[in-house]
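The data block below is target-v9.pdb; it holds PDB, C-alpha atoms, pLDDT in the B column.
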```pdb
ATOM      1  CA  MET J   1       2.826   9.811 -27.653  1.00 67.00           C
ATOM      2  CA  SER J   2       6.506  10.300 -26.932  1.00 82.00           C
ATOM      3  CA  PHE J   3       7.923  10.208 -23.424  1.00 75.00           C
ATOM      4  CA  HIS J   4       8.655  13.947 -23.596  1.00 76.00           C
ATOM      5  CA  SER J   5       5.035  14.681 -24.609  1.00 83.00           C
ATOM      6  CA  PHE J   6       3.782  12.461 -21.809  1.00 80.00           C
ATOM      7  CA  ILE J   7       5.910  14.240 -19.188  1.00 78.00           C
ATOM      8  CA  HIS J   8       4.767  17.612 -20.521  1.00 82.00           C
ATOM      9  CA  ALA J   9       1.054  16.598 -20.430  1.00 89.00           C
ATOM     10  CA  LEU J  10       1.213  14.842 -17.039  1.00 89.00           C
ATOM     11  CA  PRO J  11       1.041  17.978 -14.829  1.00 90.00           C
ATOM     12  CA  HIS J  12      -2.036  19.244 -16.682  1.00 89.00           C
ATOM     13  CA  TRP J  13      -3.715  15.850 -16.337  1.00 93.00           C
ATOM     14  CA  LEU J  14      -2.861  15.722 -12.608  1.00 93.00           C
ATOM     15  CA  ASP J  15      -4.249  19.240 -12.110  1.00 92.00           C
ATOM     16  CA  ARG J  16      -7.609  17.965 -13.407  1.00 94.00           C
ATOM     17  CA  GLN J  17      -7.538  14.692 -11.419  1.00 93.00           C
ATOM     18  CA  VAL J  18      -6.171  15.703  -8.023  1.00 94.00           C
ATOM     19  CA  THR J  19      -8.639  17.172  -5.527  1.00 94.00           C
ATOM     20  CA  SER J  20      -8.838  17.320  -1.766  1.00 93.00           C
ATOM     21  CA  GLY J  21     -12.056  15.267  -1.943  1.00 95.00           C
ATOM     22  CA  ARG J  22     -10.258  12.468  -3.778  1.00 96.00           C
ATOM     23  CA  LEU J  23      -7.440  12.673  -1.254  1.00 96.00           C
ATOM     24  CA  TYR J  24      -9.875  12.184   1.635  1.00 96.00           C
ATOM     25  CA  LEU J  25     -11.578   9.299  -0.194  1.00 97.00           C
ATOM     26  CA  ALA J  26      -8.231   7.599  -0.843  1.00 97.00           C
ATOM     27  CA  ILE J  27      -7.265   8.007   2.826  1.00 97.00           C
ATOM     28  CA  ALA J  28     -10.573   6.420   3.888  1.00 98.00           C
ATOM     29  CA  VAL J  29     -10.123   3.485   1.493  1.00 98.00           C
ATOM     30  CA  ALA J  30      -6.517   2.930   2.645  1.00 97.00           C
ATOM     31  CA  LEU J  31      -7.597   2.960   6.299  1.00 97.00           C
ATOM     32  CA  LEU J  32     -10.472   0.530   5.652  1.00 98.00           C
ATOM     33  CA  LEU J  33      -8.162  -1.857   3.815  1.00 97.00           C
ATOM     34  CA  GLN J  34      -5.629  -1.640   6.634  1.00 96.00           C
ATOM     35  CA  LEU J  35      -8.382  -2.455   9.152  1.00 97.00           C
ATOM     36  CA  ALA J  36      -9.538  -5.390   7.010  1.00 96.00           C
ATOM     37  CA  MET J  37      -5.996  -6.825   7.034  1.00 96.00           C
ATOM     38  CA  MET J  38      -5.496  -6.538  10.794  1.00 96.00           C
ATOM     39  CA  PRO J  39      -7.266  -9.771  11.880  1.00 96.00           C
ATOM     40  CA  LEU J  40      -5.407 -11.807   9.253  1.00 95.00           C
ATOM     41  CA  ASP J  41      -2.133 -10.152  10.218  1.00 94.00           C
ATOM     42  CA  GLN J  42      -2.730 -10.952  13.890  1.00 95.00           C
ATOM     43  CA  HIS J  43      -3.564 -14.581  13.028  1.00 93.00           C
ATOM     44  CA  LEU J  44      -0.395 -14.817  10.926  1.00 93.00           C
ATOM     45  CA  HIS J  45       1.665 -13.550  13.857  1.00 90.00           C
ATOM     46  CA  ALA J  46      -0.014 -16.047  16.180  1.00 92.00           C
ATOM     47  CA  VAL J  47       0.541 -19.151  14.018  1.00 88.00           C
ATOM     48  CA  SER J  48       4.123 -18.244  13.102  1.00 86.00           C
ATOM     49  CA  GLY J  49       5.478 -17.239  16.480  1.00 86.00           C
ATOM     50  CA  GLY J  50       5.526 -13.523  15.721  1.00 87.00           C
ATOM     51  CA  LEU J  51       6.625 -13.461  12.097  1.00 85.00           C
ATOM     52  CA  GLY J  52       4.919 -10.900   9.921  1.00 85.00           C
ATOM     53  CA  LYS J  53       4.377 -10.574   6.191  1.00 90.00           C
ATOM     54  CA  PRO J  54       7.522 -11.324   4.190  1.00 91.00           C
ATOM     55  CA  SER J  55       6.607  -8.348   1.994  1.00 90.00           C
ATOM     56  CA  LEU J  56       7.599  -6.074   4.892  1.00 89.00           C
ATOM     57  CA  VAL J  57      11.013  -7.638   5.596  1.00 88.00           C
ATOM     58  CA  PHE J  58      13.799  -5.403   4.313  1.00 90.00           C
ATOM     59  CA  GLY J  59      16.959  -6.958   2.901  1.00 88.00           C
ATOM     60  CA  SER J  60      16.178 -10.610   3.567  1.00 89.00           C
ATOM     61  CA  SER J  61      17.849 -13.444   1.699  1.00 91.00           C
ATOM     62  CA  THR J  62      16.261 -16.262  -0.261  1.00 92.00           C
ATOM     63  CA  GLY J  63      17.114 -18.624   2.596  1.00 93.00           C
ATOM     64  CA  GLU J  64      15.415 -16.359   5.117  1.00 92.00           C
ATOM     65  CA  LEU J  65      12.309 -16.121   2.947  1.00 92.00           C
ATOM     66  CA  ARG J  66      12.219 -19.911   2.606  1.00 93.00           C
ATOM     67  CA  GLN J  67      12.543 -20.290   6.414  1.00 91.00           C
ATOM     68  CA  HIS J  68       9.870 -17.654   6.916  1.00 89.00           C
ATOM     69  CA  LEU J  69       7.419 -19.579   4.706  1.00 93.00           C
ATOM     70  CA  GLN J  70       8.233 -22.859   6.431  1.00 93.00           C
ATOM     71  CA  ALA J  71       7.691 -21.311   9.877  1.00 91.00           C
ATOM     72  CA  PHE J  72       4.197 -20.202   8.847  1.00 92.00           C
ATOM     73  CA  GLY J  73       3.022 -23.765   8.384  1.00 92.00           C
ATOM     74  CA  ALA J  74       0.096 -24.618   6.118  1.00 94.00           C
ATOM     75  CA  ASP J  75      -2.342 -22.474   8.135  1.00 93.00           C
ATOM     76  CA  GLY J  76      -0.018 -19.475   8.074  1.00 93.00           C
ATOM     77  CA  ARG J  77       0.641 -19.769   4.336  1.00 94.00           C
ATOM     78  CA  SER J  78      -3.119 -19.958   3.709  1.00 94.00           C
ATOM     79  CA  THR J  79      -3.623 -16.892   5.905  1.00 94.00           C
ATOM     80  CA  LEU J  80      -0.799 -15.110   4.076  1.00 95.00           C
ATOM     81  CA  ALA J  81      -2.492 -15.801   0.725  1.00 95.00           C
ATOM     82  CA  ARG J  82      -5.795 -14.349   1.998  1.00 95.00           C
ATOM     83  CA  LEU J  83      -3.934 -11.386   3.468  1.00 95.00           C
ATOM     84  CA  TYR J  84      -2.184 -10.768   0.147  1.00 95.00           C
ATOM     85  CA  ILE J  85      -5.526 -10.745  -1.678  1.00 95.00           C
ATOM     86  CA  ILE J  86      -6.617  -7.733   0.391  1.00 95.00           C
ATOM     87  CA  ASP J  87      -3.090  -6.349   0.190  1.00 95.00           C
ATOM     88  CA  LEU J  88      -3.383  -6.247  -3.601  1.00 95.00           C
ATOM     89  CA  PHE J  89      -5.512  -3.118  -3.162  1.00 96.00           C
ATOM     90  CA  PHE J  90      -3.870  -1.358  -0.200  1.00 97.00           C
ATOM     91  CA  PRO J  91      -0.695  -0.275  -2.059  1.00 97.00           C
ATOM     92  CA  SER J  92      -2.819   1.271  -4.821  1.00 97.00           C
ATOM     93  CA  ALA J  93      -4.849   3.187  -2.251  1.00 97.00           C
ATOM     94  CA  LEU J  94      -1.662   4.334  -0.521  1.00 98.00           C
ATOM     95  CA  ALA J  95      -0.142   5.355  -3.858  1.00 98.00           C
ATOM     96  CA  VAL J  96      -3.245   7.406  -4.678  1.00 97.00           C
ATOM     97  CA  VAL J  97      -3.014   9.089  -1.253  1.00 98.00           C
ATOM     98  CA  ALA J  98       0.654   9.904  -1.901  1.00 97.00           C
ATOM     99  CA  ILE J  99      -0.039  11.225  -5.403  1.00 97.00           C
ATOM    100  CA  GLN J 100      -2.954  13.367  -4.254  1.00 97.00           C
ATOM    101  CA  ALA J 101      -1.169  14.726  -1.165  1.00 97.00           C
ATOM    102  CA  GLY J 102       2.152  15.378  -2.913  1.00 97.00           C
ATOM    103  CA  TRP J 103       0.538  17.079  -5.887  1.00 96.00           C
ATOM    104  CA  LEU J 104      -1.720  19.263  -3.742  1.00 95.00           C
ATOM    105  CA  ALA J 105       1.178  20.256  -1.490  1.00 95.00           C
ATOM    106  CA  PHE J 106       3.944  20.904  -4.019  1.00 96.00           C
ATOM    107  CA  ARG J 107       2.553  21.376  -7.536  1.00 94.00           C
ATOM    108  CA  ARG J 108       2.904  25.164  -7.429  1.00 92.00           C
ATOM    109  CA  VAL J 109       5.991  25.682  -5.274  1.00 92.00           C
ATOM    110  CA  LEU J 110       8.079  22.606  -6.167  1.00 94.00           C
ATOM    111  CA  PRO J 111       6.573  20.976  -9.274  1.00 94.00           C
ATOM    112  CA  GLY J 112       9.659  18.802  -9.826  1.00 94.00           C
ATOM    113  CA  LEU J 113       9.307  17.359  -6.334  1.00 95.00           C
ATOM    114  CA  ALA J 114       5.591  16.807  -6.909  1.00 96.00           C
ATOM    115  CA  LEU J 115       6.330  14.849 -10.100  1.00 95.00           C
ATOM    116  CA  LEU J 116       9.053  12.865  -8.312  1.00 96.00           C
ATOM    117  CA  LEU J 117       6.580  11.892  -5.574  1.00 97.00           C
ATOM    118  CA  VAL J 118       4.090  10.795  -8.244  1.00 97.00           C
ATOM    119  CA  GLY J 119       6.775   8.668  -9.904  1.00 97.00           C
ATOM    120  CA  ILE J 120       7.784   7.062  -6.616  1.00 98.00           C
ATOM    121  CA  ALA J 121       4.156   6.276  -5.740  1.00 98.00           C
ATOM    122  CA  VAL J 122       3.505   4.672  -9.136  1.00 97.00           C
ATOM    123  CA  SER J 123       6.777   2.717  -8.915  1.00 98.00           C
ATOM    124  CA  PHE J 124       5.863   1.471  -5.441  1.00 98.00           C
ATOM    125  CA  ASP J 125       2.452   0.320  -6.618  1.00 98.00           C
ATOM    126  CA  LEU J 126       3.833  -1.509  -9.675  1.00 98.00           C
ATOM    127  CA  LEU J 127       6.641  -3.135  -7.674  1.00 98.00           C
ATOM    128  CA  ASP J 128       4.167  -4.271  -5.032  1.00 97.00           C
ATOM    129  CA  LEU J 129       1.904  -5.773  -7.695  1.00 97.00           C
ATOM    130  CA  LEU J 130       4.822  -7.692  -9.218  1.00 98.00           C
ATOM    131  CA  GLU J 131       5.892  -8.832  -5.756  1.00 97.00           C
ATOM    132  CA  LYS J 132       2.361 -10.121  -5.037  1.00 97.00           C
ATOM    133  CA  VAL J 133       2.190 -12.026  -8.346  1.00 96.00           C
ATOM    134  CA  LEU J 134       5.500 -13.730  -7.505  1.00 97.00           C
ATOM    135  CA  SER J 135       4.341 -14.368  -3.926  1.00 96.00           C
ATOM    136  CA  PHE J 136       1.131 -16.034  -5.122  1.00 96.00           C
ATOM    137  CA  SER J 137       3.254 -18.199  -7.426  1.00 95.00           C
ATOM    138  CA  ILE J 138       5.535 -19.144  -4.525  1.00 96.00           C
ATOM    139  CA  LEU J 139       2.596 -19.967  -2.241  1.00 95.00           C
ATOM    140  CA  ALA J 140       0.847 -22.013  -4.942  1.00 95.00           C
ATOM    141  CA  ARG J 141       3.969 -24.119  -5.595  1.00 94.00           C
ATOM    142  CA  TYR J 142       5.212 -24.426  -2.023  1.00 95.00           C
ATOM    143  CA  PRO J 143       7.455 -26.306  -1.162  1.00 93.00           C
ATOM    144  CA  GLN J 144       8.740 -26.604  -4.763  1.00 93.00           C
ATOM    145  CA  ILE J 145      10.057 -23.059  -4.982  1.00 89.00           C
ATOM    146  CA  GLU J 146      12.598 -21.980  -7.580  1.00 91.00           C
ATOM    147  CA  THR J 147      15.520 -20.094  -6.094  1.00 92.00           C
ATOM    148  CA  GLY J 148      15.397 -17.541  -8.934  1.00 94.00           C
ATOM    149  CA  VAL J 149      11.776 -16.673  -8.109  1.00 95.00           C
ATOM    150  CA  LEU J 150      12.689 -16.267  -4.435  1.00 95.00           C
ATOM    151  CA  ALA J 151      15.692 -14.082  -5.314  1.00 95.00           C
ATOM    152  CA  CYS J 152      13.603 -11.902  -7.613  1.00 96.00           C
ATOM    153  CA  THR J 153      10.895 -11.548  -4.952  1.00 96.00           C
ATOM    154  CA  VAL J 154      13.420 -10.581  -2.264  1.00 96.00           C
ATOM    155  CA  ALA J 155      15.041  -7.985  -4.566  1.00 96.00           C
ATOM    156  CA  ILE J 156      11.685  -6.482  -5.516  1.00 97.00           C
ATOM    157  CA  THR J 157      10.643  -6.362  -1.840  1.00 96.00           C
ATOM    158  CA  THR J 158      13.799  -4.441  -0.935  1.00 96.00           C
ATOM    159  CA  VAL J 159      13.352  -1.822  -3.689  1.00 97.00           C
ATOM    160  CA  LYS J 160       9.619  -1.585  -2.947  1.00 97.00           C
ATOM    161  CA  LEU J 161      10.310  -0.888   0.730  1.00 97.00           C
ATOM    162  CA  ILE J 162      12.740   1.890  -0.213  1.00 97.00           C
ATOM    163  CA  CYS J 163       9.938   3.422  -2.312  1.00 98.00           C
ATOM    164  CA  LEU J 164       7.555   2.960   0.626  1.00 98.00           C
ATOM    165  CA  ALA J 165       9.923   4.851   2.938  1.00 98.00           C
ATOM    166  CA  ALA J 166      10.087   7.638   0.332  1.00 98.00           C
ATOM    167  CA  ILE J 167       6.272   7.686   0.124  1.00 98.00           C
ATOM    168  CA  TYR J 168       5.922   8.103   3.886  1.00 98.00           C
ATOM    169  CA  THR J 169       8.590  10.819   3.843  1.00 98.00           C
ATOM    170  CA  GLY J 170       6.666  12.564   1.043  1.00 97.00           C
ATOM    171  CA  LEU J 171       3.425  12.258   2.981  1.00 97.00           C
ATOM    172  CA  LEU J 172       5.046  13.772   6.060  1.00 97.00           C
ATOM    173  CA  ALA J 173       6.497  16.604   3.961  1.00 97.00           C
ATOM    174  CA  SER J 174       3.068  17.157   2.368  1.00 96.00           C
ATOM    175  CA  LEU J 175       1.434  17.361   5.792  1.00 94.00           C
ATOM    176  CA  VAL J 176       4.052  19.834   7.041  1.00 95.00           C
ATOM    177  CA  SER J 177       3.602  21.925   3.882  1.00 93.00           C
ATOM    178  CA  TRP J 178      -0.174  21.868   4.322  1.00 90.00           C
ATOM    179  CA  LEU J 179       0.110  22.931   7.996  1.00 90.00           C
ATOM    180  CA  ILE J 180       2.478  25.791   7.106  1.00 90.00           C
ATOM    181  CA  THR J 181       0.185  26.953   4.290  1.00 85.00           C
ATOM    182  CA  ARG J 182      -2.884  26.787   6.538  1.00 79.00           C
ATOM    183  CA  ASN J 183      -1.079  28.702   9.260  1.00 77.00           C
ATOM    184  CA  LYS J 184      -0.088  31.443   6.783  1.00 76.00           C
ATOM    185  CA  GLU J 185      -3.652  31.638   5.450  1.00 72.00           C
ATOM    186  CA  TYR J 186      -5.034  31.851   8.991  1.00 66.00           C
ATOM    187  CA  ALA J 187      -2.499  34.556   9.901  1.00 67.00           C
ATOM    188  CA  GLY J 188      -3.443  36.509   6.748  1.00 66.00           C
ATOM    189  CA  ILE J 189      -7.148  36.349   7.655  1.00 63.00           C
ATOM    190  CA  SER J 190      -6.413  37.451  11.242  1.00 60.00           C
ATOM    191  CA  ASN J 191      -4.292  40.383  10.047  1.00 64.00           C
ATOM    192  CA  ARG J 192      -7.094  41.672   7.785  1.00 64.00           C
ATOM    193  CA  ARG J 193      -9.541  41.884  10.697  1.00 58.00           C
TER
END
```
Can you turn what I pasted into structure tokens?
Amino acid sequence: MSFHSFIHALPHWLDRQVTSGRLYLAIAVALLLQLAMMPLDQHLHAVSGGLGKPSLVFGSSTGELRQHLQAFGADGRSTLARLYIIDLFFPSALAVVAIQAGWLAFRRVLPGLALLLVGIAVSFDLLDLLEKVLSFSILARYPQIETGVLACTVAITTVKLICLAAIYTGLLASLVSWLITRNKEYAGISNRR
């Protein structure tokens, strides 16, 4: 299948896959995963003096990432590894939420925007997966960390976080679109009475 054929078939495939029920299920899964990460995140903050996951630090350098990992100590790095195991699934759940919400909100009125939001969500998920693979490699080899692996991880984190900001913007726009549509539908029902 050529890229052009794929792009042409994608909207039809999404129309069959995207439903409000799947959106609600994806939201529930994302929330449950977020709740499951909270105790580990709190422990990580406690053992590191307030540092959070390096995967949420925008624009850091390789030196800062190295210092971050050192500040965690052995307990913090072990906690970070367990946290990242759960966090392997959260970005996928969030990406599915973004795909479902963006497609439901914009597929008819702004199909180009809907496809863009799908692309951003998939990119975010793939970048996060690559970042986690590199992070597991770094944690497994600590303190013998190659500077190139650190640099690649930091670069991927930065691009991933830009995609994440775009996802949250898309989700907010989807919610606003949904509220406007619901309000118009409600006004139409009231006017017919």
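Reported to one decimal place, the separation of atom CA of J:Thr169 from atom CA of J:Ala105 is 13.1 Å.
From atom CA of J:Thr158 back to atom CA of J:Phe58, the distance works out to 5.3 Å.
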* Name the closest residue to J:Leu164 among the candidates J:Glu185, J:Glu131, J:Asp125, J:Glu146; distances are taken between atoms, counting only C-alpha atoms. => J:Asp125
* Asked: Contacts of stretch 151-153 of chain J at 9 Å or less, counting all atoms listed in the file, minus same-chain residues fewer than 6 places along, as a PyMOL selection string?
  -> chain J and resi 55+61-62+130-132+134-135
Residue by residue, what does the PyMOL selection byres ((chain J and resi 51) around 12) grab here? Present the result as an mmCIF file with C-alpha atoms, in the frame of the given file.
```cif
data_model
loop_
_atom_site.group_PDB
_atom_site.id
_atom_site.type_symbol
_atom_site.label_atom_id
_atom_site.label_comp_id
_atom_site.auth_asym_id
_atom_site.auth_seq_id
_atom_site.Cartn_x
_atom_site.Cartn_y
_atom_site.Cartn_z
ATOM 1 C CA ASP J 41 -2.133 -10.152 10.218
ATOM 2 C CA GLN J 42 -2.730 -10.952 13.890
ATOM 3 C CA HIS J 43 -3.564 -14.581 13.028
ATOM 4 C CA LEU J 44 -0.395 -14.817 10.926
ATOM 5 C CA HIS J 45 1.665 -13.550 13.857
ATOM 6 C CA ALA J 46 -0.014 -16.047 16.180
ATOM 7 C CA VAL J 47 0.541 -19.151 14.018
ATOM 8 C CA SER J 48 4.123 -18.244 13.102
ATOM 9 C CA GLY J 49 5.478 -17.239 16.480
ATOM 10 C CA GLY J 50 5.526 -13.523 15.721
ATOM 11 C CA GLY J 52 4.919 -10.900 9.921
ATOM 12 C CA LYS J 53 4.377 -10.574 6.191
ATOM 13 C CA PRO J 54 7.522 -11.324 4.190
ATOM 14 C CA SER J 55 6.607 -8.348 1.994
ATOM 15 C CA LEU J 56 7.599 -6.074 4.892
ATOM 16 C CA VAL J 57 11.013 -7.638 5.596
ATOM 17 C CA GLU J 64 15.415 -16.359 5.117
ATOM 18 C CA LEU J 65 12.309 -16.121 2.947
ATOM 19 C CA GLN J 67 12.543 -20.290 6.414
ATOM 20 C CA HIS J 68 9.870 -17.654 6.916
ATOM 21 C CA LEU J 69 7.419 -19.579 4.706
ATOM 22 C CA GLN J 70 8.233 -22.859 6.431
ATOM 23 C CA ALA J 71 7.691 -21.311 9.877
ATOM 24 C CA PHE J 72 4.197 -20.202 8.847
ATOM 25 C CA GLY J 73 3.022 -23.765 8.384
ATOM 26 C CA GLY J 76 -0.018 -19.475 8.074
ATOM 27 C CA ARG J 77 0.641 -19.769 4.336
ATOM 28 C CA LEU J 80 -0.799 -15.110 4.076
#
```
* One-decimal distance in Å that lies between atom CA of J:Trp178 and atom CA of J:Asp128 -> 28.1 Å
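Those residues returned by the PyMOL selection byres ((chain J and resi 84) around 10) for this file are J:Met37, J:Leu40, J:Lys53, J:Ser55, J:Ser78, J:Thr79, J:Leu80, J:Ala81, J:Arg82, J:Leu83, J:Ile85, J:Ile86, J:Asp87, J:Leu88, J:Phe89, J:Phe90, J:Lys132, J:Val133, J:Ser135, J:Phe136.
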* To do: Compile the contact shell of J:Ala165 as a list in words: residues with an atom at most 12 Å away, counting all atoms listed in the file, same-chain residues fewer than 5 positions apart removed.
  => Leu56, Phe58, Ala98, Leu117, Ile120, Ala121, Phe124, Thr158, Val159, Lys160, Gly170, Leu171 and Leu172 of chain J
* Name the residues that the PyMOL selection byres ((chain J and resi 9-19) around 9) picks from the file above, as a VMD selection string, using the file's chain letters and numbers. => chain J and resid 4 to 8 20 to 24 99 to 101 103 to 104 107 111 115
